[in-house]
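Scroll down for the structure; my scribbles are underneath it.
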Amino acid sequence: MIKRIKYVIIVFILLVGFSCKKDTPVTVEQNNTPPPPPPSVTVSNYLDNYSHDTFMNDYMPQPKTVNSDCPTIISESGNAYAIPGGTNQIMIYYNNSAHEAAELYYGVKGVYGYFKADLPASDPDTVYLVLIISQAVTQTNFTVEMNMADAQGNISEPYYIPVDLMAADPGKLQVTLSFDQPNDLDLHLFEPTGTQIFYRHPVDTLTGGYLVADANANCIHDTANVEEILFPDSVPLGTYDVRVAYYMQCIPSVNTIFSVSALYNGETISPSAGQNPYLAEFIGNASGASVDCMQFNICGHSKLAHFRFPVNKHFRHRPTKVKIGDK
C-alpha cells in the first residue's frame, strides 16, 4: 500500500533614554537607528519550504516551560543523504506529555530564520516532514534543528538531525526521488513525446534528459537512496508525468517512506491540485506496485502542475493518507 501524507518574528528594539531634575522638563532622547538586517546567510540558503510552512524571521525559539512539561521529540527516521534541489522525508516521533503538541519549528542549526508547521490532531505522536533542499546550498553537510510547542506556550528542547549532501548538477528541470529504506525503488519520467526516462532507458539523446543514477539496483545498496532525472540546459515544452515503482524489496518487513519533487528553473513547480513535493509510503512488500505521482506542463516560462490519483487495487486516496502494497 501507499500512504500519502500531507503536512509538511521580527524584533524591533526602541531605546529610550531620559533624565529628570526637579522643576526641569523631561527630555526624551529617541534612537531612530533601524534594526540591523538579517544575516546574509539564512535558512533559505539551505531549505526551500516557503510554499508549505510559515517562514519565521528570527532565530530558532529557545526552550521554555510555562506551566508544565512540554512535548518532546523522541526520535526520527529518514534518509541520511540529500541532494541540492531534492527532498528529504523525515518521520518524527514525539511524546505529547501533559499537553498536545500544536506546532513544529524547524531550521538549520546556527542559521537565521526557521519554519513553523501546524501539527494535525489526527496523529498524536508522529508527524511527517518533507525538507525541500535549496539548489543554492553549497555545504557538504548541515544540521537540521527542531523543537515543538504546545498551546500553553511550552517549547521543547532542540532536537538535531545531521544531513549529508551529495554532489549534484541541479539542471533546468530536476525531478528527484528520495526514500528512507535500502529497497529498490525506481523513478520514471514520461516526456511530452511519450519517451520514458528510467533505469532501462536512462538517457534521451534527442532531448538531453537523463537518469543520474539507479539507486540500489537489484538490491546492491549504494547508501544514497536517491534518484534524479535532469534536463541540464533546455526542456521540451509539453506535459510530463512522474511515476515511482517499487521494483524489489531488499529488507524484509519494512515500510518505505518516499518523496518526489519537481523543480523548473530552480523553483518548485506549482500544482493546480495536490501537492509538490509528493510524500507517500509503501507498506510491506510492495514489489511490482507503482504510483503516478504528478503531472506538470512546461509552457515557455510558465509552469502548471496537477496530480493524478489512479484508482486500482494498490492505490487508495484519502484526504491525508494514501497507502499502496500489502495490507
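Chain lettering (A, B, ...) mirrors the order of the C-alpha cells, residue numbering begins at 1 for each chain separately, and ligand numbering begins at 1 in order of display.
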
Surrounding residues of A:Leu263 excluding itself and chain neighbours under 3 positions, 9 Å, only C-alpha atoms, as a ChimeraX atom specification: /A:85-86,170-176,266-269

Please produce an output containing C-alpha atoms for each residue in the selection, written as a PDB file, in the first residue's frame.
```pdb
ATOM      1  CA  GLY A  85      17.172  20.683  -5.241  1.00  0.00           C
ATOM      2  CA  GLY A  86      15.898  17.377  -3.846  1.00  0.00           C
ATOM      3  CA  PRO A 170      20.693  20.977 -10.415  1.00  0.00           C
ATOM      4  CA  GLY A 171      19.701  21.278 -14.082  1.00  0.00           C
ATOM      5  CA  LYS A 172      16.948  23.355 -15.657  1.00  0.00           C
ATOM      6  CA  LEU A 173      14.346  20.666 -14.929  1.00  0.00           C
ATOM      7  CA  GLN A 174      15.079  18.471 -11.921  1.00  0.00           C
ATOM      8  CA  VAL A 175      12.895  15.583 -10.736  1.00  0.00           C
ATOM      9  CA  THR A 176      14.093  13.809  -7.600  1.00  0.00           C
ATOM     10  CA  GLY A 266      15.217  26.219  -9.541  1.00  0.00           C
ATOM     11  CA  GLU A 267      11.626  26.756  -8.384  1.00  0.00           C
ATOM     12  CA  THR A 268       9.146  24.216  -7.053  1.00  0.00           C
ATOM     13  CA  ILE A 269       6.550  23.545  -9.740  1.00  0.00           C
TER      14      ILE A 269
END
```

field: Residue list (strand (DSSP E), DSSP) for stretch 195-236 of chain A, as a list of chain:residue names
entry: A:Gln196, A:Ile197, A:Tyr210, A:Leu211, A:Val226, A:Glu227, A:Glu228, A:Ile229, A:Leu230, A:Phe231

Selected residues written out, C-alpha atoms, as an mmCIF file, in the first residue's frame:
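Once everything was written out, this is result-v6.cif:
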```cif
data_model
loop_
_atom_site.group_PDB
_atom_site.id
_atom_site.type_symbol
_atom_site.label_atom_id
_atom_site.label_comp_id
_atom_site.auth_asym_id
_atom_site.auth_seq_id
_atom_site.Cartn_x
_atom_site.Cartn_y
_atom_site.Cartn_z
ATOM 1 C CA GLN A 196 10.182 7.311 -20.836
ATOM 2 C CA ILE A 197 13.378 8.013 -18.894
ATOM 3 C CA TYR A 210 18.914 11.596 -18.307
ATOM 4 C CA LEU A 211 18.744 9.488 -15.150
ATOM 5 C CA VAL A 226 18.246 8.955 -4.090
ATOM 6 C CA GLU A 227 17.384 9.001 -7.802
ATOM 7 C CA GLU A 228 17.376 12.076 -10.015
ATOM 8 C CA ILE A 229 16.354 12.887 -13.590
ATOM 9 C CA LEU A 230 17.812 16.065 -15.100
ATOM 10 C CA PHE A 231 17.489 18.242 -18.150
#
```

message: Just checking: using only C-alpha atoms, which residue out of A:Cys70, A:Ala217, A:Val130, A:Ile257 ends up closest to A:Asp186?
response: A:Ala217

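Across the structure, atom CA of A:Ser290 and atom CA of A:Ser234 are spaced 28.5 Å apart.
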
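Nearest to A:Tyr199 of all the residues A:Ile132, A:Cys219, A:Leu185, A:Thr256 is A:Leu185, counting only C-alpha atoms.
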
message: Could you list, as a list in words, every residue within 9 Å of A:Pro61, counting only C-alpha atoms and ignoring same-chain residues fewer than 6 positions away?
response: Tyr105, Asn147 and Ile155 of chain A

Generate the output file for the selected residues, C-alpha atoms, as a tab-separated table (two decimals), in the first residue's frame.
```
chain	number	residue	atom	x	y	z
A	105	TYR	CA	9.61	24.54	14.44
A	147	ASN	CA	11.61	21.71	18.54
A	155	ILE	CA	8.69	24.87	23.91
```

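With distances restricted to only C-alpha atoms, A:Val43 is the closest residue to A:Asp58 from A:Ala262, A:Val43, A:Leu165, A:Met146.
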
- prompt: Excluding same-chain residues fewer than 6 positions from A:Thr207, what lies within 10 Å of it counting only C-alpha atoms, as a VMD selection string?
  reply: chain A and resid 191 193 195 231 to 236

message: When you look at A:Thr126 with a cut-off of 7 Å (counting only C-alpha atoms), what residues show up, excluding the ones that are within fewer than 3 positions of it in the same chain? I need them as JSON, numbers by chain.
response: {"A": [91, 92, 93, 94, 123]}

Save the residues we just selected, C-alpha atoms, as a PDB file, in the first residue's frame?
```
ATOM      1  CA  MET A  91       9.178  10.762  10.269  1.00  0.00           C
ATOM      2  CA  ILE A  92       9.268  12.398  13.713  1.00  0.00           C
ATOM      3  CA  TYR A  93       8.215  10.559  16.866  1.00  0.00           C
ATOM      4  CA  TYR A  94       7.343  12.635  19.912  1.00  0.00           C
ATOM      5  CA  ASP A 123      -1.567  11.818  14.647  1.00  0.00           C
TER       6      ASP A 123
END
```
